[in-house]
Amino acid sequence: MLTSCSYSNIPIGPTSLNSRYTEEQPALSGNGRFLAFISNRNGSHQLLVYDLQQQEFINTPRLNRQETIVESPSLSYTGRYITYLTSDQGRPVVALYDRANQNSEILTPIYRGWVRNPSISPDGRYIVFETASRGQWDIEVLDRGPNIELDIPNGAPVNAPPGSL
Amino acid sequence: MTKKHKILIPLLTITSLLSGCTAYPRLMSYPFDPGGRSLNSLASESNPQVSGRYVVFSTDRRGSQDIYLFDTITRSLIDLPGLNSLDAIASHPSISSDGRYIVFAASRQGRSAVFLYDRETRQSRNLTANLQAEVRNPTISAEGNRIAFESTVNGQWDVLVYDRNGQPLGIRQDPR
């Protein structure tokens with residue numbers, strides 16, 4: 001029970017980005033410092049986040065779980081928000097992990113159709129993803145709203161976000 | 001009791017209507033155009049990526065798989081002169097948040113490569129010309145300073161990180 005909660009296969013200490021297993025689906029943080037990707041090392045298909053500056057993996061507690069698969073990571077500006085594709089009771093859903101509170105939430109619970117390839121805006125407010133609701137792949141833009149904590153550089157001016165017209 | 005209900009019901013209706021308008025997260029309604037002049041068309045749209053005001057994606061709406069750019073403020077497409085070509089299949093685009101740089105994967109004459117398109121010079125540059133390997137899934141940081149992609153140079157998919165000039169980042173990238 002304990003192991004399933006604190007499940008983590010993240011390599012400790014300074015290490016190489018790649019292993020002798022598959023590394024795929026890279027996503028860079030907006031500032032270019034962090035790299036999220038899917039790795040098959042240590043016998044599990046997991047989402048890892050690598051700090052290109054310190055050259056080590058960073059801890060993301062409760063992001064990878066033993067009984068589910070995560071795919072298609074995407075990072076906001078400083079890597080605070082991580083969106084990814086996972087499944088909820090067999091249904092594909094877009095989820096968002098917040099490194100500030102180390103929790104994930106499902107962003108598309110209302111969505112009935114198939115979804116894939118989510119991508120988060122650098123400020124963390126918008127998520128684009130593909131949906132199959134019209135019988136072929138289309139693009140939807142999800143707005144997390146004006147009240148979220150934006151992931152923007154220190155001192156950046158806060159403009160009216162796109163779409164709020 | 002009945003009087004209380006008379007007030008309560010309209011109140012509940014108003015609050016539910018109000019929350020219906022401001023409930024987040026919600027889907028944005030960008031125009032759907034069967035003629036192919038908007039974000040979504042009758043054809044397939046895939047691999048969207050959002051950065052700043054831009055959404056970049058690939059679509060086969062013109063009978064060949066090309067890269068398109070949508071501006072969420074003007075709600076219209078932005079022309080990318082010289083990016084798409086007839087003899088190449090372009091996929092998996094990614095854009096810097098200032099809208100200047102777009103990286104994408106393209107396959108031409110049986111060889112896959114990662115290209116960096118500069119919207120100011122309208123030129124594409126092959127970043128992986130010296131890499132004798134299959135490449136896919138490129139991505140650029142919002143600041144446009146780093147590019148990551150997958151390569152088969154070690155016999156399985158690995159992630160490589162380059163700077164914008166096409167030089168590998170000075171970090172340990174080889175598998176151990």
# chains A, B, ... in the order shown; residues from 1 in each chain; ligands from 1
$ interface_residues --of "chain B" --to "chain A" --cutoff "8 Å" --atoms "only C-alpha atoms" --output "NGL selection string"
:B and (24-29 or 39-41 or 43-53 or 72-73 or 97 or 137-150 or 156-159 or 171-176)
$ atom_distance --atom1 "CA of Val70 (chain A)" --atom2 "CA of Ser87 (chain A)"
7.9 Å
$ select_by_dssp --residues "chain A" --states "strand (DSSP E or B)" --output "ChimeraX atom specification"
/A:23-28,34-39,46-51,56-58,71-75,81-88,91-98,103-106,115-120,126-131,138-143
$ closest_residue --among "B:Ala105, B:Gly170, B:Arg164, B:Ser96" --to "Ser151 (chain B)" --atoms "only C-alpha atoms"
B:Ala105
$ closest_residue --among "A:Val93, A:Ile152, A:Val49, A:Ile10" --to "Thr68 (chain A)" --atoms "only C-alpha atoms"
A:Val93
$ closest_residue --among "B:Ala133, B:Ala23, B:Ile78, B:Leu83" --to "Leu116 (chain B)" --atoms "only C-alpha atoms"
B:Leu83
$ atom_distance --atom1 "CA of Tyr54 (chain B)" --atom2 "CA of Val103 (chain B)"
13.8 Å
$ atom_distance --atom1 "CA of Phe70 (chain B)" --atom2 "CA of Val55 (chain B)"
5.1 Å
